[in-house]
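What's in query_13.json: JSON, C-alpha atoms
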[["chain", "number", "residue", "atom", "x", "y", "z"],
["A", 961, "MET", "CA", 44.88, -45.71, 29.59],
["A", 962, "ALA", "CA", 47.94, -47.61, 28.44],
["A", 963, "GLN", "CA", 49.54, -47.24, 25.04],
["A", 964, "VAL", "CA", 50.36, -50.67, 23.70],
["A", 965, "LYS", "CA", 52.70, -51.35, 20.79],
["A", 966, "VAL", "CA", 52.63, -54.87, 19.40],
["A", 967, "TYR", "CA", 55.26, -56.15, 16.98],
["A", 968, "VAL", "CA", 54.45, -59.30, 15.01],
["A", 969, "THR", "CA", 57.17, -61.00, 12.96],
["A", 970, "LEU", "CA", 57.34, -64.16, 10.90],
["A", 971, "LYS", "CA", 59.22, -66.94, 12.69],
["A", 972, "PRO", "CA", 62.90, -66.92, 11.69],
["A", 973, "THR", "CA", 62.60, -70.39, 10.14],
["A", 974, "LEU", "CA", 60.09, -69.11, 7.59],
["A", 975, "LEU", "CA", 61.13, -67.47, 4.37],
["A", 976, "ASP", "CA", 59.98, -63.85, 4.50],
["A", 977, "ALA", "CA", 59.08, -63.25, 0.86],
["A", 978, "GLN", "CA", 58.16, -59.63, 1.55],
["A", 979, "GLY", "CA", 61.41, -58.99, 3.39],
["A", 980, "ARG", "CA", 63.35, -60.48, 0.51],
["A", 981, "ALA", "CA", 61.55, -58.23, -1.98],
["A", 982, "VAL", "CA", 62.33, -55.16, 0.13],
["A", 983, "GLN", "CA", 65.95, -56.26, 0.38],
["A", 984, "SER", "CA", 66.24, -56.47, -3.39],
["A", 985, "GLY", "CA", 64.65, -52.99, -3.59],
["A", 986, "LEU", "CA", 67.26, -51.62, -1.23],
["A", 987, "LYS", "CA", 69.93, -53.33, -3.26],
["A", 988, "ALA", "CA", 68.58, -51.62, -6.39],
["A", 989, "LEU", "CA", 69.10, -48.31, -4.57],
["A", 990, "GLY", "CA", 72.72, -49.27, -3.99],
["A", 991, "TYR", "CA", 72.52, -50.41, -0.37],
["A", 992, "ASP", "CA", 74.60, -53.53, -0.78],
["A", 993, "SER", "CA", 75.34, -53.44, 2.94],
["A", 994, "VAL", "CA", 71.88, -54.82, 3.76],
["A", 995, "GLN", "CA", 72.30, -58.52, 4.52],
["A", 996, "GLN", "CA", 68.82, -59.42, 5.68],
["A", 997, "VAL", "CA", 65.38, -57.77, 5.83],
["A", 998, "ARG", "CA", 62.37, -59.08, 7.71],
["A", 999, "VAL", "CA", 59.06, -57.25, 7.37],
["A", 1000, "GLY", "CA", 56.59, -57.53, 10.22],
["A", 1001, "LYS", "CA", 53.44, -55.90, 11.50],
["A", 1002, "TYR", "CA", 53.14, -53.10, 13.99],
["A", 1003, "ILE", "CA", 49.88, -52.68, 15.88],
["A", 1004, "GLU", "CA", 49.10, -49.73, 18.17],
["A", 1005, "MET", "CA", 46.35, -49.97, 20.74],
["A", 1006, "GLU", "CA", 45.01, -47.94, 23.62],
["A", 1007, "VAL", "CA", 43.91, -50.28, 26.35],
["A", 1008, "ALA", "CA", 42.11, -49.43, 29.58],
["A", 1009, "GLY", "CA", 42.90, -51.14, 32.86],
["A", 1010, "ASP", "CA", 45.63, -51.51, 35.42],
["A", 1011, "GLN", "CA", 49.07, -52.70, 34.39],
["A", 1012, "ALA", "CA", 48.59, -56.34, 35.29],
["A", 1013, "ALA", "CA", 45.24, -56.54, 33.51],
["A", 1014, "VAL", "CA", 46.54, -54.84, 30.39],
["A", 1015, "ASP", "CA", 49.54, -57.14, 30.30],
["A", 1016, "ARG", "CA", 47.38, -60.24, 30.65],
["A", 1017, "GLU", "CA", 44.84, -59.11, 28.09],
["A", 1018, "VAL", "CA", 47.39, -58.04, 25.49],
["A", 1019, "ARG", "CA", 49.13, -61.40, 25.75],
["A", 1020, "GLU", "CA", 45.78, -63.11, 25.23],
["A", 1021, "MET", "CA", 44.94, -60.88, 22.27],
["A", 1022, "CYS", "CA", 48.26, -61.73, 20.67],
["A", 1023, "ASP", "CA", 47.83, -65.46, 21.21],
["A", 1024, "ARG", "CA", 44.23, -65.49, 20.04],
["A", 1025, "LEU", "CA", 44.21, -63.09, 17.12],
["A", 1026, "LEU", "CA", 46.99, -60.59, 16.57],
["A", 1027, "ALA", "CA", 49.62, -63.25, 15.86],
["A", 1028, "ASN", "CA", 49.31, -66.77, 14.47],
["A", 1029, "PRO", "CA", 51.60, -68.87, 16.66],
["A", 1030, "VAL", "CA", 52.06, -71.38, 13.82],
["A", 1031, "ILE", "CA", 53.98, -68.86, 11.73],
["A", 1032, "GLU", "CA", 54.59, -65.75, 13.83],
["A", 1033, "ASN", "CA", 56.30, -64.47, 16.97],
["A", 1034, "TYR", "CA", 55.25, -61.35, 18.82],
["A", 1035, "ARG", "CA", 56.46, -58.94, 21.44],
["A", 1036, "TYR", "CA", 54.83, -55.87, 22.90],
["A", 1037, "GLU", "CA", 55.52, -52.74, 24.88],
["A", 1038, "VAL", "CA", 53.12, -51.15, 27.34],
["A", 1039, "ILE", "CA", 53.53, -47.43, 27.98],
["A", 1040, "GLU", "CA", 51.47, -46.16, 30.92],
["B", 1345, "MET", "CA", 21.13, -83.66, 0.52],
["B", 1346, "LYS", "CA", 21.79, -79.97, 0.84],
["B", 1347, "PHE", "CA", 24.84, -77.76, 0.47],
["B", 1348, "GLY", "CA", 25.46, -74.41, 2.14],
["B", 1349, "VAL", "CA", 27.89, -71.93, 0.61],
["B", 1350, "VAL", "CA", 29.04, -69.44, 3.26],
["B", 1351, "ARG", "CA", 29.40, -65.80, 2.21],
["B", 1352, "PHE", "CA", 31.84, -63.66, 4.14],
["B", 1353, "PRO", "CA", 32.33, -59.99, 3.31],
["B", 1354, "GLY", "CA", 34.88, -60.31, 0.51],
["B", 1355, "SER", "CA", 34.00, -63.82, -0.67],
["B", 1356, "ASN", "CA", 34.10, -63.81, -4.46],
["B", 1357, "CYS", "CA", 33.98, -67.45, -5.53],
["B", 1358, "ASP", "CA", 30.69, -68.07, -3.77],
["B", 1359, "GLN", "CA", 28.66, -67.82, -6.99],
["B", 1360, "ASP", "CA", 31.00, -70.20, -8.81],
["B", 1361, "ALA", "CA", 30.62, -72.81, -6.06],
["B", 1362, "PHE", "CA", 26.85, -72.28, -5.96],
["B", 1363, "HIS", "CA", 26.62, -72.67, -9.74],
["B", 1364, "VAL", "CA", 28.60, -75.91, -9.79],
["B", 1365, "LEU", "CA", 26.55, -77.43, -7.01],
["B", 1366, "ARG", "CA", 23.17, -76.36, -8.41],
["B", 1367, "ASP", "CA", 23.71, -76.60, -12.17],
["B", 1368, "VAL", "CA", 26.52, -79.11, -12.65],
["B", 1369, "VAL", "CA", 26.15, -81.70, -9.93],
["B", 1370, "ARG", "CA", 22.48, -80.75, -9.49],
["B", 1371, "GLN", "CA", 22.08, -80.60, -5.74],
["B", 1372, "PRO", "CA", 20.04, -78.24, -3.57],
["B", 1373, "VAL", "CA", 22.20, -75.38, -2.35],
["B", 1374, "ASP", "CA", 21.75, -72.18, -0.33],
["B", 1375, "TYR", "CA", 23.92, -69.23, 0.43],
["B", 1376, "VAL", "CA", 24.64, -68.89, 4.13],
["B", 1377, "TRP", "CA", 25.37, -65.39, 5.43],
["B", 1378, "HIS", "CA", 28.37, -65.24, 7.75],
["B", 1379, "GLN", "CA", 26.29, -63.72, 10.56],
["B", 1380, "GLU", "CA", 24.13, -66.83, 10.81],
["B", 1381, "ALA", "CA", 24.75, -68.45, 14.17],
["B", 1382, "ALA", "CA", 23.19, -71.81, 13.31],
["B", 1383, "LEU", "CA", 23.42, -74.18, 10.37],
["B", 1384, "LYS", "CA", 20.23, -76.11, 10.01],
["B", 1385, "GLY", "CA", 19.72, -78.89, 7.54],
["B", 1386, "TYR", "CA", 22.97, -78.70, 5.61],
["B", 1387, "ASP", "CA", 24.87, -81.85, 4.79],
["B", 1388, "CYS", "CA", 27.96, -80.15, 3.43],
["B", 1389, "ILE", "CA", 29.34, -76.66, 4.00],
["B", 1390, "VAL", "CA", 31.51, -74.84, 1.46],
["B", 1391, "LEU", "CA", 33.81, -71.99, 2.46],
["B", 1392, "PRO", "CA", 34.51, -70.35, -0.89],
["B", 1393, "GLY", "CA", 37.51, -68.45, -2.21],
["B", 1394, "GLY", "CA", 37.90, -64.71, -2.08],
["B", 1395, "PHE", "CA", 39.37, -62.14, 0.24],
["B", 1396, "SER", "CA", 37.32, -62.31, 3.40],
["B", 1397, "TYR", "CA", 37.61, -59.11, 5.43],
["B", 1398, "GLY", "CA", 40.07, -57.84, 2.85],
["B", 1399, "ASP", "CA", 42.65, -60.35, 4.10],
["B", 1400, "TYR", "CA", 43.33, -57.80, 6.86],
["B", 1401, "LEU", "CA", 45.72, -58.89, 9.62],
["B", 1402, "ARG", "CA", 46.22, -62.32, 8.02],
["B", 1403, "THR", "CA", 44.29, -64.26, 5.39],
["B", 1404, "GLY", "CA", 41.30, -65.89, 7.08],
["B", 1405, "ALA", "CA", 42.10, -64.47, 10.52],
["B", 1406, "LEU", "CA", 39.02, -62.26, 10.82],
["B", 1407, "ALA", "CA", 36.60, -64.52, 8.95],
["B", 1408, "ARG", "CA", 37.02, -67.24, 11.52],
["B", 1409, "LEU", "CA", 35.53, -64.84, 14.11],
["B", 1410, "SER", "CA", 32.26, -64.62, 12.15],
["B", 1411, "PRO", "CA", 29.35, -66.17, 14.08],
["B", 1412, "VAL", "CA", 28.86, -68.81, 11.38],
["B", 1413, "MET", "CA", 32.30, -70.30, 12.08],
["B", 1414, "ASP", "CA", 31.22, -71.58, 15.51],
["B", 1415, "ALA", "CA", 28.41, -73.40, 13.74],
["B", 1416, "VAL", "CA", 30.82, -74.67, 11.07],
["B", 1417, "ALA", "CA", 33.13, -75.99, 13.80],
["B", 1418, "LYS", "CA", 30.23, -77.82, 15.45],
["B", 1419, "HIS", "CA", 29.15, -79.22, 12.06],
["B", 1420, "ALA", "CA", 32.71, -80.48, 11.53],
["B", 1421, "GLU", "CA", 32.94, -81.94, 15.04],
["B", 1422, "ARG", "CA", 29.89, -84.03, 14.25],
["B", 1423, "GLY", "CA", 31.83, -85.54, 11.36],
["B", 1424, "ARG", "CA", 29.92, -83.67, 8.68],
["B", 1425, "PRO", "CA", 31.71, -82.49, 5.54],
["B", 1426, "VAL", "CA", 33.24, -79.04, 5.19],
["B", 1427, "ILE", "CA", 35.36, -77.95, 2.25],
["B", 1428, "GLY", "CA", 37.41, -74.75, 2.23],
["B", 1429, "ILE", "CA", 38.65, -73.61, -1.15],
["B", 1430, "CYS", "CA", 41.53, -71.11, -1.39],
["B", 1431, "ASN", "CA", 40.51, -68.38, 1.11],
["B", 1432, "GLY", "CA", 38.25, -71.02, 2.65],
["B", 1433, "PHE", "CA", 41.35, -73.17, 3.27],
["B", 1434, "GLN", "CA", 43.02, -70.20, 4.95],
["B", 1435, "VAL", "CA", 39.94, -69.70, 7.13],
["B", 1436, "LEU", "CA", 39.93, -73.40, 8.14],
["B", 1437, "CYS", "CA", 43.58, -73.18, 9.21],
["B", 1438, "GLU", "CA", 42.97, -69.99, 11.20],
["B", 1439, "ALA", "CA", 39.96, -71.65, 12.83],
["B", 1440, "HIS", "CA", 42.18, -74.61, 13.81],
["B", 1441, "LEU", "CA", 39.92, -77.00, 11.95],
["B", 1442, "LEU", "CA", 43.01, -77.88, 9.93],
["B", 1443, "PRO", "CA", 46.65, -77.70, 11.06],
["B", 1444, "GLY", "CA", 49.34, -75.40, 9.69],
["B", 1445, "ALA", "CA", 49.05, -72.05, 7.93],
["B", 1446, "LEU", "CA", 49.23, -70.46, 4.50],
["B", 1447, "VAL", "CA", 51.86, -67.80, 3.90],
["B", 1448, "ARG", "CA", 53.04, -65.62, 1.02],
["B", 1449, "ASN", "CA", 54.05, -67.54, -2.12],
["B", 1450, "VAL", "CA", 57.78, -68.18, -2.17],
["B", 1451, "ARG", "CA", 58.24, -66.37, -5.48],
["B", 1452, "ARG", "CA", 56.19, -63.45, -4.11],
["B", 1453, "LYS", "CA", 53.85, -63.28, -7.10],
["B", 1454, "PHE", "CA", 50.14, -63.74, -7.15],
["B", 1455, "VAL", "CA", 49.83, -66.87, -9.29],
["B", 1456, "CYS", "CA", 46.81, -67.36, -11.51],
["B", 1457, "ARG", "CA", 47.09, -70.34, -13.83],
["B", 1458, "THR", "CA", 46.13, -73.96, -14.32],
["B", 1459, "VAL", "CA", 48.21, -76.50, -12.42],
["B", 1460, "HIS", "CA", 48.29, -80.27, -12.16],
["B", 1461, "LEU", "CA", 47.28, -82.05, -8.99],
["B", 1462, "ARG", "CA", 48.03, -85.65, -8.09],
["B", 1463, "THR", "CA", 45.38, -87.46, -6.10],
["B", 1464, "GLU", "CA", 47.26, -88.76, -3.08],
["B", 1465, "ASN", "CA", 44.38, -90.50, -1.37],
["B", 1466, "ALA", "CA", 41.30, -91.62, -3.30],
["B", 1467, "GLY", "CA", 39.79, -93.07, -0.14],
["B", 1468, "THR", "CA", 38.36, -89.84, 1.25],
["B", 1469, "PRO", "CA", 34.83, -88.40, 0.99],
["B", 1470, "TRP", "CA", 36.27, -85.78, -1.36],
["B", 1471, "THR", "CA", 38.05, -88.15, -3.73],
["B", 1472, "CYS", "CA", 35.99, -91.36, -3.78],
["B", 1473, "ALA", "CA", 35.00, -90.72, -7.42],
["B", 1474, "LEU", "CA", 38.71, -90.39, -8.35],
["B", 1475, "ARG", "CA", 41.50, -92.95, -8.29],
["B", 1476, "ASP", "CA", 44.87, -92.88, -6.54],
["B", 1477, "ALA", "CA", 47.54, -90.98, -8.52],
["B", 1478, "GLN", "CA", 44.90, -89.53, -10.87],
["B", 1479, "VAL", "CA", 46.16, -86.22, -12.24],
["B", 1480, "LEU", "CA", 43.69, -83.32, -12.35],
["B", 1481, "ARG", "CA", 44.02, -80.00, -14.17],
["B", 1482, "VAL", "CA", 42.66, -77.29, -11.90],
["B", 1483, "PRO", "CA", 43.38, -73.55, -11.70],
["B", 1484, "ILE", "CA", 44.96, -71.71, -8.80],
["B", 1485, "ALA", "CA", 44.68, -68.00, -8.06],
["B", 1486, "HIS", "CA", 46.38, -66.88, -4.87],
["B", 1487, "GLY", "CA", 49.13, -64.76, -3.39],
["B", 1488, "GLU", "CA", 49.35, -66.59, -0.08],
["B", 1489, "GLY", "CA", 49.07, -70.27, -0.85],
["B", 1490, "CYS", "CA", 52.35, -71.58, 0.50],
["B", 1491, "TYR", "CA", 51.39, -74.27, 3.00],
["B", 1492, "VAL", "CA", 53.60, -74.46, 6.08],
["B", 1493, "ALA", "CA", 53.46, -76.57, 9.22],
["B", 1494, "ASP", "CA", 55.99, -77.88, 11.71],
["B", 1495, "ASP", "CA", 57.86, -81.11, 11.02],
["B", 1496, "ASP", "CA", 55.72, -83.22, 13.34],
["B", 1497, "THR", "CA", 52.53, -82.03, 11.66],
["B", 1498, "LEU", "CA", 53.95, -82.70, 8.19],
["B", 1499, "ALA", "CA", 55.00, -86.19, 9.24],
["B", 1500, "GLU", "CA", 51.56, -86.88, 10.70],
["B", 1501, "LEU", "CA", 49.81, -85.59, 7.56],
["B", 1502, "SER", "CA", 51.89, -87.86, 5.33],
["B", 1503, "ALA", "CA", 51.70, -90.92, 7.58],
["B", 1504, "ALA", "CA", 47.91, -90.70, 7.92],
["B", 1505, "ARG", "CA", 47.48, -89.98, 4.19],
["B", 1506, "ARG", "CA", 45.88, -86.68, 5.07],
["B", 1507, "VAL", "CA", 47.66, -84.96, 2.18],
["B", 1508, "VAL", "CA", 44.85, -85.37, -0.34],
["B", 1509, "PHE", "CA", 46.39, -83.56, -3.34],
["B", 1510, "ARG", "CA", 49.93, -82.54, -4.22],
["B", 1511, "TYR", "CA", 51.08, -80.24, -7.01],
["B", 1512, "CYS", "CA", 52.66, -82.24, -9.81],
["B", 1513, "ASP", "CA", 53.59, -82.03, -13.49],
["B", 1514, "ALA", "CA", 51.43, -83.30, -16.35],
["B", 1515, "SER", "CA", 52.80, -86.81, -15.91],
["B", 1516, "GLY", "CA", 52.09, -86.87, -12.19],
["B", 1517, "ARG", "CA", 55.61, -86.30, -10.89],
["B", 1518, "THR", "CA", 56.03, -83.92, -7.97],
["B", 1519, "THR", "CA", 58.95, -81.67, -8.84],
["B", 1520, "PRO", "CA", 60.11, -78.31, -7.46],
["B", 1521, "GLU", "CA", 59.08, -76.75, -10.81],
["B", 1522, "SER", "CA", 55.54, -78.07, -10.50],
["B", 1523, "ASN", "CA", 55.08, -76.48, -7.08],
["B", 1524, "PRO", "CA", 53.62, -73.05, -7.83],
["B", 1525, "ASN", "CA", 53.92, -71.45, -4.39],
["B", 1526, "GLY", "CA", 56.61, -73.23, -2.37],
["B", 1527, "SER", "CA", 54.20, -75.27, -0.25],
["B", 1528, "LEU", "CA", 56.07, -77.71, 1.96],
["B", 1529, "ASN", "CA", 56.06, -81.23, 0.51],
["B", 1530, "GLY", "CA", 54.15, -79.86, -2.49],
["B", 1531, "ILE", "CA", 50.92, -79.86, -0.48],
["B", 1532, "ALA", "CA", 47.86, -78.56, -2.33],
["B", 1533, "ALA", "CA", 45.13, -80.03, -0.11],
["B", 1534, "ILE", "CA", 44.88, -81.60, 3.32],
["B", 1535, "ALA", "CA", 42.15, -83.19, 5.40],
["B", 1536, "ASN", "CA", 41.53, -83.34, 9.13],
["B", 1537, "GLU", "CA", 41.87, -86.59, 11.08],
["B", 1538, "GLY", "CA", 38.33, -87.67, 10.26],
["B", 1539, "PHE", "CA", 38.69, -86.69, 6.57],
["B", 1540, "ASN", "CA", 35.40, -84.78, 6.76],
["B", 1541, "VAL", "CA", 37.16, -81.40, 6.55],
["B", 1542, "LEU", "CA", 39.15, -80.64, 3.41],
["B", 1543, "GLY", "CA", 41.18, -77.53, 2.65],
["B", 1544, "MET", "CA", 42.57, -76.94, -0.82],
["B", 1545, "MET", "CA", 44.22, -73.95, -2.49],
["B", 1546, "PRO", "CA", 43.25, -74.86, -6.10],
["B", 1547, "HIS", "CA", 39.77, -74.01, -7.36],
["B", 1548, "PRO", "CA", 37.84, -77.13, -8.45],
["B", 1549, "GLU", "CA", 34.71, -75.00, -8.95],
["B", 1550, "ARG", "CA", 36.48, -73.14, -11.75],
["B", 1551, "ALA", "CA", 37.25, -76.41, -13.54],
["B", 1552, "SER", "CA", 34.01, -78.34, -13.41],
["B", 1553, "GLU", "CA", 32.82, -77.86, -17.00],
["B", 1554, "LYS", "CA", 34.59, -78.51, -20.30],
["B", 1555, "VAL", "CA", 33.75, -75.02, -21.53],
["B", 1556, "LEU", "CA", 36.09, -73.69, -18.83],
["B", 1557, "GLY", "CA", 39.04, -75.69, -20.17],
["B", 1558, "SER", "CA", 38.87, -78.53, -17.67],
["B", 1559, "ALA", "CA", 36.12, -80.48, -15.99],
["B", 1560, "ASP", "CA", 38.51, -82.32, -13.66],
["B", 1561, "GLY", "CA", 37.45, -80.39, -10.56],
["B", 1562, "ARG", "CA", 33.96, -81.81, -10.88],
["B", 1563, "GLY", "CA", 35.27, -85.14, -9.54],
["B", 1564, "ILE", "CA", 35.66, -83.56, -6.11],
["B", 1565, "PHE", "CA", 32.04, -82.39, -5.98],
["B", 1566, "GLU", "CA", 30.83, -85.70, -7.42],
["B", 1567, "SER", "CA", 32.84, -87.50, -4.77],
["B", 1568, "ILE", "CA", 31.19, -85.71, -1.88],
["B", 1569, "VAL", "CA", 27.75, -86.21, -3.42],
["B", 1570, "ARG", "CA", 28.47, -89.92, -3.83],
["B", 1571, "HIS", "CA", 29.81, -90.10, -0.28],
["B", 1572, "LEU", "CA", 26.72, -88.40, 1.15],
["B", 1573, "LEU", "CA", 24.39, -90.65, -0.86],
["B", 1574, "THR", "CA", 26.05, -93.80, 0.42],
["B", 1575, "ALA", "CA", 26.77, -92.63, 3.97]]
Show me the file's structure as structure tokens.
Amino acid sequence: MAQVKVYVTLKPTLLDAQGRAVQSGLKALGYDSVQQVRVGKYIEMEVAGDQAAVDREVREMCDRLLANPVIENYRYEVIE
Amino acid sequence: MKFGVVRFPGSNCDQDAFHVLRDVVRQPVDYVWHQEAALKGYDCIVLPGGFSYGDYLRTGALARLSPVMDAVAKHAERGRPVIGICNGFQVLCEAHLLPGALVRNVRRKFVCRTVHLRTENAGTPWTCALRDAQVLRVPIAHGEGCYVADDDTLAELSAARRVVFRYCDASGRTTPESNPNGSLNGIAAIANEGFNVLGMMPHPERASEKVLGSADGRGIFESIVRHLLTA
């Protein structure tokens, strides 16, 4: 059983309204050092199969559902 | 002629659409449960507004996996009319029946108010009862209605007159102030290449009777009825 961690983020060209709101919240707390915040999604999965199969399937899952390639990028980690 | 209003778990404008079709434009209409795998005998399919599947993952992302969406895609491929309103527009984009995507409003707020729309193309099945540049007053109610697409897609939409409505001011001018959500090029509604699939963020079903403050949205339903009668 592999542990899979998927990170989905808005493409850099898109305004991240949520990230901007969080940034202004941090600023309200006095953290003026924060120059940029992007908020993404984190998805944990347990996936059965050998390493190659898990890798192939997770990529497919990301392309088909977990991320929308029009607006989002993704990356993932597989921990055996 | 018969309309089908699809109900996903979380649809909440289904009754409004049903009411307008049955009681205002007086056409036969059924609800269609999202688990239905076949669409028999419907001329036009409506994907209503709401929060299908709680907007989990992304707006519209899970609804497009409902069995009914395969049937909706086939219906659309045959050139038959499909309209997605608000969440329905999001579902159509996720289902790749329309290009682009809808993301969080630029000013981050859920916006719920009446806006003005300029009719950009009165030559579609959805606008044939309107005239070019006609300004409609129709409400919006969404948190993720900012339309985005890549530059090539935007150019294609404009060149082919597939942008059917743009946000504008009362006099019909498209200004940054009249764009309520930051949509690129002020886009409020787009059609597919064949113009039989329309996605729009504003809610024409909530503005189809004077008692509601505007009856301008009725023109869209009257258009599709007229189109189907003459097709």
### chain A contacts on chain B, all atoms listed in the file, 9 Å, as a VMD selection string
chain B and resid 1401 to 1402 1405 to 1406 1438 1443 to 1452 1492 to 1494
May I have the centre and edge lengths, in Å to one decimal, of an axis-aligned box around the listed atoms of region 1007-1020 of chain A with 4 Å added to every side, as lines of an AutoDock Vina configuration file?
center_x = 45.8
center_y = -56.3
center_z = 30.3
size_x = 15.4
size_y = 21.7
size_z = 18.2
### Message
Can you pull out the residues contacting Ser1355 (chain B)? Cut-off 7 Å, using only C-alpha atoms, and skip same-chain residues under 3 positions away; I want them as a ChimeraX atom specification.
### Response
/B:1351-1352,1358,1392-1396
Restrict the selected residues to C-alpha atoms and save them as a PDB file, in the coordinates of the input.
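Resulting contents of out-v1.pdb:
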ATOM      1  CA  ARG B1351      29.400 -65.800   2.210  1.00  0.00           C
ATOM      2  CA  PHE B1352      31.840 -63.660   4.140  1.00  0.00           C
ATOM      3  CA  ASP B1358      30.690 -68.070  -3.770  1.00  0.00           C
ATOM      4  CA  PRO B1392      34.510 -70.350  -0.890  1.00  0.00           C
ATOM      5  CA  GLY B1393      37.510 -68.450  -2.210  1.00  0.00           C
ATOM      6  CA  GLY B1394      37.900 -64.710  -2.080  1.00  0.00           C
ATOM      7  CA  PHE B1395      39.370 -62.140   0.240  1.00  0.00           C
ATOM      8  CA  SER B1396      37.320 -62.310   3.400  1.00  0.00           C
TER       9      SER B1396
END
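Using only C-alpha atoms, the nearest neighbour of Glu1032 (chain A) within the list A:Gly979, A:Gly1009, A:Gly985, A:Pro972 is A:Pro972.
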### Query
Hey, which of B:Asp1414, B:Glu1500, B:Asp1360, B:Glu1464 ends up closest to Ala1533 (chain B)? Count all atoms listed in the file.
B:Glu1464
